Amino acid sequence: MHEMALAEEVLQIVQDAARREGLRRVVALWLEIGQLSCVEPEALRFCFEAVACDSVAAGARVEIVAAAGAAWCNECAAPVALAALGDPCPLCGGYRLRVTGGTQMRVQQLEAV
Amino acid sequence: MCISCGCGSEEAGIGREADDHARMHAAGAIHRHDHAAAQDLPHDHGHEHQHESVPEHAHAPGLAPARMLRIEQDILAKNDSYAAQNRRILAERGILALNLVSSPGAGKTALLVKTIEALGDRCRIGVIEGDQQTSHDADRIRATGARAVQINTGRGCHLDAHMVGHAIAQLDPPHHGMLMIENVGNLVCPAAFDLGEAHKVVVLSVTEGEDKPLKYPDMFRRASLMLLNKIDLLPYLEFDLALCIDYAHRTNPDLAVICVSALTGEGIPQWLAWLDQGAESARAACRDIAALSGCGPDEPRLLVERGLIG
């Protein structure tokens, strides 16, 4: 359940920003989660709601911004879309793929009052 | 977990240091770790939170003004900064550090014991053991004569770089040796957390089914080497070795594979050769750094001060 640890990291980032900027309440935050990252977005949302319940971000809306997975196919010598690790190249059906994008997990922005 | 520094203080314990650490956190949210007891290791990360004054706001009467704030920060940025610090300390000492990951029961500890015995005097090994509870694994390692520090993660399902930084400080691993970090048995969560290692080594035993690399692709994608363990049991199992390796290469075409048996010693020479190569690379990099700086490899603080590392 590493989503709980990640949720705590998110809360830490939000709390640091709230202190730095003097925010009274965070009402929404946007998390960019890559399709090939090792986190389940809904589990992360659930965990964040739990860890944030007594914080400046209690009840905040969590918006997940999906980032598409991308890879380089060595056979095709071309960039391709990759929805999941272990999927074949959509062009040649091979597996000589190196992940090039879609692994990020970032706090993009937040909305505060 | 400590909300101020994220160091899992309520749950995790690292050897004898755990109690002191818990007391430090009990004292309040603003604190500083100095690790003065940790020999000469520059494992020093302050947590001095600066509370800036509240900026001026223009509030229109009756309206709650919403404000958008760009953050653009990696969720694991803090873990990654601790990992970078660990990596720097290990580089200064010319230590090859490996993060051993697997599901529970794949044979990581047995393999480590066999490795330590087989290496003998060729290379000094320090071991960090991660488990939710007990010091059984560290006890097994210590029985070989090697140094070991046990991290108990409590409810935690993985090691993180902050815990490992504390353990490195306590272990004080020898220069030009190896550091083996045996992660919590779990093929999912440890994949996300960089500990400062040179490589992740995933251990898969042939009793587990050949499709594990497809079921848990994150771990296999991030590993440099897969050790297929317990191959002495192959005659008794319906395990398609070639298919397993093919599945692993679907998630990571660059993954090296060595078949081993911690019980019979089969494949151990190939594993030791892989280790020797990595250890020599770590030592060579350390020598290069020292040569560039014009000071000996045992003067890491000087290197840091000169900005040659980290």
# chains A, B, ... in the order shown; residues from 1 in each chain; ligands from 1
>>> residues_around(residues="stretch 47-61 of chain A", least_positions_apart="4", cutoff="6 Å", atoms="only C-alpha atoms", output="list in words")
Met4, Ala7, Arg25, Val26, Val27 and Ala28 of chain A
>>> select_by_dssp(residues="stretch 13-83 of chain A", states="helix (DSSP H, G or I)", output="ChimeraX atom specification")
/A:13-21,41-51
>>> write_last_selection(atoms="C-alpha atoms", output="PDB file, in the first residue's frame")
ATOM      1  CA  ILE A  13       4.135  19.279  -0.259  1.00  0.00           C
ATOM      2  CA  VAL A  14       0.708  20.898   0.178  1.00  0.00           C
ATOM      3  CA  GLN A  15       1.389  21.815   3.811  1.00  0.00           C
ATOM      4  CA  ASP A  16       4.786  23.291   2.931  1.00  0.00           C
ATOM      5  CA  ALA A  17       3.154  25.414   0.229  1.00  0.00           C
ATOM      6  CA  ALA A  18       0.375  26.473   2.617  1.00  0.00           C
ATOM      7  CA  ARG A  19       2.893  27.588   5.233  1.00  0.00           C
ATOM      8  CA  ARG A  20       5.067  29.338   2.670  1.00  0.00           C
ATOM      9  CA  GLU A  21       2.156  31.187   1.105  1.00  0.00           C
ATOM     10  CA  PRO A  41      -4.774   7.042  -9.039  1.00  0.00           C
ATOM     11  CA  GLU A  42      -7.996   6.116  -7.256  1.00  0.00           C
ATOM     12  CA  ALA A  43      -6.082   4.523  -4.379  1.00  0.00           C
ATOM     13  CA  LEU A  44      -3.941   7.652  -4.100  1.00  0.00           C
ATOM     14  CA  ARG A  45      -7.062   9.851  -4.040  1.00  0.00           C
ATOM     15  CA  PHE A  46      -8.608   7.663  -1.325  1.00  0.00           C
ATOM     16  CA  CYS A  47      -5.427   7.726   0.769  1.00  0.00           C
ATOM     17  CA  PHE A  48      -5.001  11.467   0.418  1.00  0.00           C
ATOM     18  CA  GLU A  49      -8.526  12.082   1.687  1.00  0.00           C
ATOM     19  CA  ALA A  50      -7.668   9.953   4.713  1.00  0.00           C
ATOM     20  CA  VAL A  51      -4.316  11.540   5.585  1.00  0.00           C
TER      21      VAL A  51
END
>>> interface_residues(of="chain A", to="chain B", cutoff="8 Å", atoms="only C-alpha atoms", output="number ranges by chain")
A: 1-2, 6, 8-10, 12-13, 17, 19-23, 38, 85-88, 95-98, 104-113
>>> select_by_dssp(residues="chain A", states="strand (DSSP E)", output="PyMOL selection string")
chain A and resi 26-34+61-67+70-73+78-81+97-101+105-112
>>> residues_around(residues="stretch 65-68 of chain A", least_positions_apart="4", cutoff="12 Å", atoms="only C-alpha atoms", output="PyMOL selection string")
chain A and resi 29-37+39-42+45+80-84+99-109
>>> atom_distance(atom1="atom CA of B:Ser224", atom2="atom CA of B:Leu171")
24.9 Å
>>> closest_residue(among="B:His162, B:Val184, B:Ile95, B:Asn86", to="B:Glu129", atoms="only C-alpha atoms")
B:Val184
>>> residues_around(residues="B:Val201", least_positions_apart="4", cutoff="8 Å", atoms="only C-alpha atoms", output="list in words")
Leu98, Asn99, Leu100, Val101, Ala223, Ser224, Leu225, Met226 and Leu227 of chain B
>>> closest_residue(among="B:Leu237, B:Ile151, B:Ile268, B:Val202", to="B:Leu255", atoms="only C-alpha atoms")
B:Val202
>>> atom_distance(atom1="atom CA of B:Leu234", atom2="atom CA of B:Ile181")
27.6 Å
>>> atom_distance(atom1="atom CA of B:Ala161", atom2="atom CA of B:Gly145")
25.7 Å
>>> residues_around(residues="B:Gln270", least_positions_apart="3", cutoff="9 Å", atoms="only C-alpha atoms", output="PDB file with N, CA and C atoms, in the first residue's frame")
ATOM      1  N   ILE B 258      20.444 -14.345 -14.367  1.00  0.00           N
ATOM      2  CA  ILE B 258      21.333 -15.425 -13.919  1.00  0.00           C
ATOM      3  C   ILE B 258      20.477 -16.426 -13.140  1.00  0.00           C
ATOM      4  N   CYS B 259      20.580 -17.697 -13.488  1.00  0.00           N
ATOM      5  CA  CYS B 259      19.860 -18.753 -12.774  1.00  0.00           C
ATOM      6  C   CYS B 259      20.756 -19.265 -11.646  1.00  0.00           C
ATOM      7  N   VAL B 260      20.193 -19.323 -10.453  1.00  0.00           N
ATOM      8  CA  VAL B 260      21.001 -19.698  -9.296  1.00  0.00           C
ATOM      9  C   VAL B 260      20.243 -20.653  -8.378  1.00  0.00           C
ATOM     10  N   GLU B 266      24.649 -23.649  -7.474  1.00  0.00           N
ATOM     11  CA  GLU B 266      24.624 -23.533  -8.933  1.00  0.00           C
ATOM     12  C   GLU B 266      24.388 -22.066  -9.331  1.00  0.00           C
ATOM     13  N   GLY B 267      25.181 -21.584 -10.280  1.00  0.00           N
ATOM     14  CA  GLY B 267      25.012 -20.217 -10.770  1.00  0.00           C
ATOM     15  C   GLY B 267      25.671 -19.163  -9.891  1.00  0.00           C
ATOM     16  N   ALA B 273      30.660 -13.092 -10.356  1.00  0.00           N
ATOM     17  CA  ALA B 273      31.353 -12.369 -11.425  1.00  0.00           C
ATOM     18  C   ALA B 273      30.638 -11.055 -11.722  1.00  0.00           C
ATOM     19  N   TRP B 274      29.303 -11.104 -11.724  1.00  0.00           N
ATOM     20  CA  TRP B 274      28.509  -9.882 -11.941  1.00  0.00           C
ATOM     21  C   TRP B 274      28.789  -8.880 -10.809  1.00  0.00           C
ATOM     22  N   LEU B 275      28.857  -9.389  -9.587  1.00  0.00           N
ATOM     23  CA  LEU B 275      29.131  -8.528  -8.430  1.00  0.00           C
ATOM     24  C   LEU B 275      30.535  -7.919  -8.520  1.00  0.00           C
TER      25      LEU B 275
END
>>> residues_around(residues="A:Leu91", least_positions_apart="5", cutoff="10 Å", atoms="only C-alpha atoms", output="list in words")
Cys73, Glu75, Cys76, Ala78, Pro79, Val80 and Ala81 of chain A
>>> write_last_selection(atoms="N, CA, C and O atoms", output="compact mmCIF listing (two decimals), in the first residue's frame")
# COMPACT_ATOMS: atom_id res chain seq x y z
N CYS A 73 10.44 2.22 -29.62
CA CYS A 73 10.56 0.84 -30.09
C CYS A 73 11.87 0.68 -30.85
O CYS A 73 12.09 1.35 -31.86
N GLU A 75 12.80 -1.91 -32.56
CA GLU A 75 12.58 -2.56 -33.86
C GLU A 75 12.13 -1.55 -34.91
O GLU A 75 12.62 -1.54 -36.03
N CYS A 76 11.17 -0.72 -34.51
CA CYS A 76 10.62 0.26 -35.46
C CYS A 76 11.49 1.52 -35.54
O CYS A 76 11.32 2.31 -36.47
N ALA A 78 11.16 4.04 -33.65
CA ALA A 78 10.14 5.11 -33.66
C ALA A 78 9.51 5.24 -32.28
O ALA A 78 9.45 4.26 -31.53
N PRO A 79 9.04 6.45 -31.95
CA PRO A 79 8.30 6.61 -30.69
C PRO A 79 6.88 6.05 -30.84
O PRO A 79 6.27 6.21 -31.89
N VAL A 80 6.43 5.36 -29.79
CA VAL A 80 5.09 4.76 -29.83
C VAL A 80 4.36 5.03 -28.53
O VAL A 80 4.98 5.33 -27.50
N ALA A 81 3.04 4.91 -28.58
CA ALA A 81 2.23 5.02 -27.36
C ALA A 81 2.24 3.69 -26.64
O ALA A 81 2.25 2.63 -27.28
>>> decode(residues="stretch 84-99 of chain B", atoms="all heavy atoms", output="PDB file, in the first residue's frame")
ATOM      1  N   ALA B  84      19.765  10.568  -3.261  1.00  0.00           N
ATOM      2  CA  ALA B  84      20.961  11.184  -3.855  1.00  0.00           C
ATOM      3  C   ALA B  84      22.055  11.341  -2.807  1.00  0.00           C
ATOM      4  O   ALA B  84      23.244  11.142  -3.083  1.00  0.00           O
ATOM      5  CB  ALA B  84      20.592  12.535  -4.460  1.00  0.00           C
ATOM      6  N   GLN B  85      21.635  11.671  -1.596  1.00  0.00           N
ATOM      7  CA  GLN B  85      22.603  11.820  -0.508  1.00  0.00           C
ATOM      8  C   GLN B  85      23.252  10.461  -0.184  1.00  0.00           C
ATOM      9  O   GLN B  85      24.475  10.373  -0.010  1.00  0.00           O
ATOM     10  CB  GLN B  85      21.875  12.363   0.724  1.00  0.00           C
ATOM     11  CG  GLN B  85      22.801  12.788   1.838  1.00  0.00           C
ATOM     12  CD  GLN B  85      22.034  13.416   2.996  1.00  0.00           C
ATOM     13  OE1 GLN B  85      20.814  13.326   3.074  1.00  0.00           O
ATOM     14  NE2 GLN B  85      22.734  14.049   3.896  1.00  0.00           N
ATOM     15  N   ASN B  86      22.416   9.418  -0.120  1.00  0.00           N
ATOM     16  CA  ASN B  86      22.964   8.070   0.119  1.00  0.00           C
ATOM     17  C   ASN B  86      23.936   7.688  -0.989  1.00  0.00           C
ATOM     18  O   ASN B  86      25.016   7.144  -0.735  1.00  0.00           O
ATOM     19  CB  ASN B  86      21.835   7.030   0.164  1.00  0.00           C
ATOM     20  CG  ASN B  86      20.899   7.224   1.342  1.00  0.00           C
ATOM     21  OD1 ASN B  86      21.232   7.947   2.270  1.00  0.00           O
ATOM     22  ND2 ASN B  86      19.742   6.590   1.299  1.00  0.00           N
ATOM     23  N   ARG B  87      23.534   7.975  -2.227  1.00  0.00           N
ATOM     24  CA  ARG B  87      24.357   7.598  -3.380  1.00  0.00           C
ATOM     25  C   ARG B  87      25.706   8.313  -3.320  1.00  0.00           C
ATOM     26  O   ARG B  87      26.744   7.748  -3.658  1.00  0.00           O
ATOM     27  CB  ARG B  87      23.592   7.946  -4.665  1.00  0.00           C
ATOM     28  CG  ARG B  87      24.192   7.373  -5.919  1.00  0.00           C
ATOM     29  CD  ARG B  87      23.213   7.443  -7.096  1.00  0.00           C
ATOM     30  NE  ARG B  87      22.257   6.349  -7.084  1.00  0.00           N
ATOM     31  CZ  ARG B  87      20.941   6.475  -6.979  1.00  0.00           C
ATOM     32  NH1 ARG B  87      20.407   7.681  -6.886  1.00  0.00           N
ATOM     33  NH2 ARG B  87      20.152   5.424  -6.980  1.00  0.00           N
ATOM     34  N   ARG B  88      25.678   9.551  -2.891  1.00  0.00           N
ATOM     35  CA  ARG B  88      26.926  10.328  -2.802  1.00  0.00           C
ATOM     36  C   ARG B  88      27.865   9.737  -1.741  1.00  0.00           C
ATOM     37  O   ARG B  88      29.062   9.572  -1.972  1.00  0.00           O
ATOM     38  CB  ARG B  88      26.589  11.790  -2.450  1.00  0.00           C
ATOM     39  CG  ARG B  88      27.747  12.736  -2.678  1.00  0.00           C
ATOM     40  CD  ARG B  88      27.464  14.083  -2.042  1.00  0.00           C
ATOM     41  NE  ARG B  88      27.481  13.984  -0.596  1.00  0.00           N
ATOM     42  CZ  ARG B  88      26.667  14.634   0.217  1.00  0.00           C
ATOM     43  NH1 ARG B  88      25.747  15.435  -0.259  1.00  0.00           N
ATOM     44  NH2 ARG B  88      26.766  14.488   1.523  1.00  0.00           N
ATOM     45  N   ILE B  89      27.289   9.385  -0.593  1.00  0.00           N
ATOM     46  CA  ILE B  89      28.107   8.801   0.478  1.00  0.00           C
ATOM     47  C   ILE B  89      28.728   7.487   0.009  1.00  0.00           C
ATOM     48  O   ILE B  89      29.908   7.217   0.240  1.00  0.00           O
ATOM     49  CB  ILE B  89      27.224   8.558   1.731  1.00  0.00           C
ATOM     50  CG1 ILE B  89      26.843   9.889   2.371  1.00  0.00           C
ATOM     51  CG2 ILE B  89      27.928   7.654   2.735  1.00  0.00           C
ATOM     52  CD1 ILE B  89      25.731   9.791   3.396  1.00  0.00           C
ATOM     53  N   LEU B  90      27.928   6.683  -0.699  1.00  0.00           N
ATOM     54  CA  LEU B  90      28.418   5.386  -1.177  1.00  0.00           C
ATOM     55  C   LEU B  90      29.485   5.581  -2.251  1.00  0.00           C
ATOM     56  O   LEU B  90      30.491   4.856  -2.277  1.00  0.00           O
ATOM     57  CB  LEU B  90      27.244   4.558  -1.711  1.00  0.00           C
ATOM     58  CG  LEU B  90      26.215   4.174  -0.629  1.00  0.00           C
ATOM     59  CD1 LEU B  90      24.901   3.735  -1.252  1.00  0.00           C
ATOM     60  CD2 LEU B  90      26.770   3.088   0.284  1.00  0.00           C
ATOM     61  N   ALA B  91      29.304   6.580  -3.108  1.00  0.00           N
ATOM     62  CA  ALA B  91      30.283   6.845  -4.169  1.00  0.00           C
ATOM     63  C   ALA B  91      31.609   7.287  -3.564  1.00  0.00           C
ATOM     64  O   ALA B  91      32.680   6.872  -4.018  1.00  0.00           O
ATOM     65  CB  ALA B  91      29.739   7.908  -5.115  1.00  0.00           C
ATOM     66  N   GLU B  92      31.516   8.107  -2.548  1.00  0.00           N
ATOM     67  CA  GLU B  92      32.742   8.583  -1.891  1.00  0.00           C
ATOM     68  C   GLU B  92      33.570   7.430  -1.345  1.00  0.00           C
ATOM     69  O   GLU B  92      34.785   7.491  -1.289  1.00  0.00           O
ATOM     70  CB  GLU B  92      32.373   9.505  -0.720  1.00  0.00           C
ATOM     71  CG  GLU B  92      31.873  10.859  -1.132  1.00  0.00           C
ATOM     72  CD  GLU B  92      31.204  11.578   0.042  1.00  0.00           C
ATOM     73  OE1 GLU B  92      31.152  11.014   1.158  1.00  0.00           O
ATOM     74  OE2 GLU B  92      30.737  12.694  -0.165  1.00  0.00           O
ATOM     75  N   ARG B  93      32.877   6.380  -0.934  1.00  0.00           N
ATOM     76  CA  ARG B  93      33.567   5.234  -0.326  1.00  0.00           C
ATOM     77  C   ARG B  93      33.843   4.111  -1.324  1.00  0.00           C
ATOM     78  O   ARG B  93      34.352   3.067  -0.929  1.00  0.00           O
ATOM     79  CB  ARG B  93      32.719   4.678   0.820  1.00  0.00           C
ATOM     80  CG  ARG B  93      32.591   5.657   1.962  1.00  0.00           C
ATOM     81  CD  ARG B  93      31.832   5.052   3.120  1.00  0.00           C
ATOM     82  NE  ARG B  93      32.099   5.803   4.344  1.00  0.00           N
ATOM     83  CZ  ARG B  93      32.092   5.278   5.561  1.00  0.00           C
ATOM     84  NH1 ARG B  93      31.854   4.009   5.728  1.00  0.00           N
ATOM     85  NH2 ARG B  93      32.337   6.020   6.608  1.00  0.00           N
ATOM     86  N   GLY B  94      33.434   4.302  -2.576  1.00  0.00           N
ATOM     87  CA  GLY B  94      33.670   3.271  -3.581  1.00  0.00           C
ATOM     88  C   GLY B  94      32.916   1.981  -3.294  1.00  0.00           C
ATOM     89  O   GLY B  94      33.412   0.893  -3.533  1.00  0.00           O
ATOM     90  N   ILE B  95      31.694   2.124  -2.783  1.00  0.00           N
ATOM     91  CA  ILE B  95      30.898   0.953  -2.387  1.00  0.00           C
ATOM     92  C   ILE B  95      29.864   0.641  -3.466  1.00  0.00           C
ATOM     93  O   ILE B  95      29.154   1.527  -3.931  1.00  0.00           O
ATOM     94  CB  ILE B  95      30.178   1.232  -1.046  1.00  0.00           C
ATOM     95  CG1 ILE B  95      31.203   1.363   0.082  1.00  0.00           C
ATOM     96  CG2 ILE B  95      29.155   0.159  -0.736  1.00  0.00           C
ATOM     97  CD1 ILE B  95      30.624   1.881   1.385  1.00  0.00           C
ATOM     98  N   LEU B  96      29.783  -0.633  -3.835  1.00  0.00           N
ATOM     99  CA  LEU B  96      28.703  -1.087  -4.715  1.00  0.00           C
ATOM    100  C   LEU B  96      27.486  -1.370  -3.848  1.00  0.00           C
ATOM    101  O   LEU B  96      27.538  -2.227  -2.954  1.00  0.00           O
ATOM    102  CB  LEU B  96      29.103  -2.369  -5.457  1.00  0.00           C
ATOM    103  CG  LEU B  96      27.971  -3.059  -6.232  1.00  0.00           C
ATOM    104  CD1 LEU B  96      27.519  -2.205  -7.418  1.00  0.00           C
ATOM    105  CD2 LEU B  96      28.379  -4.451  -6.703  1.00  0.00           C
ATOM    106  N   ALA B  97      26.386  -0.654  -4.093  1.00  0.00           N
ATOM    107  CA  ALA B  97      25.171  -0.862  -3.309  1.00  0.00           C
ATOM    108  C   ALA B  97      24.079  -1.453  -4.189  1.00  0.00           C
ATOM    109  O   ALA B  97      23.814  -0.957  -5.280  1.00  0.00           O
ATOM    110  CB  ALA B  97      24.692   0.462  -2.713  1.00  0.00           C
ATOM    111  N   LEU B  98      23.465  -2.527  -3.703  1.00  0.00           N
ATOM    112  CA  LEU B  98      22.383  -3.182  -4.441  1.00  0.00           C
ATOM    113  C   LEU B  98      21.125  -3.222  -3.590  1.00  0.00           C
ATOM    114  O   LEU B  98      21.192  -3.401  -2.377  1.00  0.00           O
ATOM    115  CB  LEU B  98      22.782  -4.613  -4.817  1.00  0.00           C
ATOM    116  CG  LEU B  98      24.041  -4.761  -5.669  1.00  0.00           C
ATOM    117  CD1 LEU B  98      24.327  -6.234  -5.923  1.00  0.00           C
ATOM    118  CD2 LEU B  98      23.893  -4.020  -6.997  1.00  0.00           C
ATOM    119  N   ASN B  99      19.996  -3.055  -4.257  1.00  0.00           N
ATOM    120  CA  ASN B  99      18.697  -3.111  -3.604  1.00  0.00           C
ATOM    121  C   ASN B  99      18.033  -4.412  -4.042  1.00  0.00           C
ATOM    122  O   ASN B  99      17.612  -4.553  -5.192  1.00  0.00           O
ATOM    123  CB  ASN B  99      17.899  -1.882  -4.055  1.00  0.00           C
ATOM    124  CG  ASN B  99      16.507  -1.800  -3.459  1.00  0.00           C
ATOM    125  OD1 ASN B  99      16.079  -2.674  -2.714  1.00  0.00           O
ATOM    126  ND2 ASN B  99      15.789  -0.736  -3.806  1.00  0.00           N
TER     127      ASN B  99
END
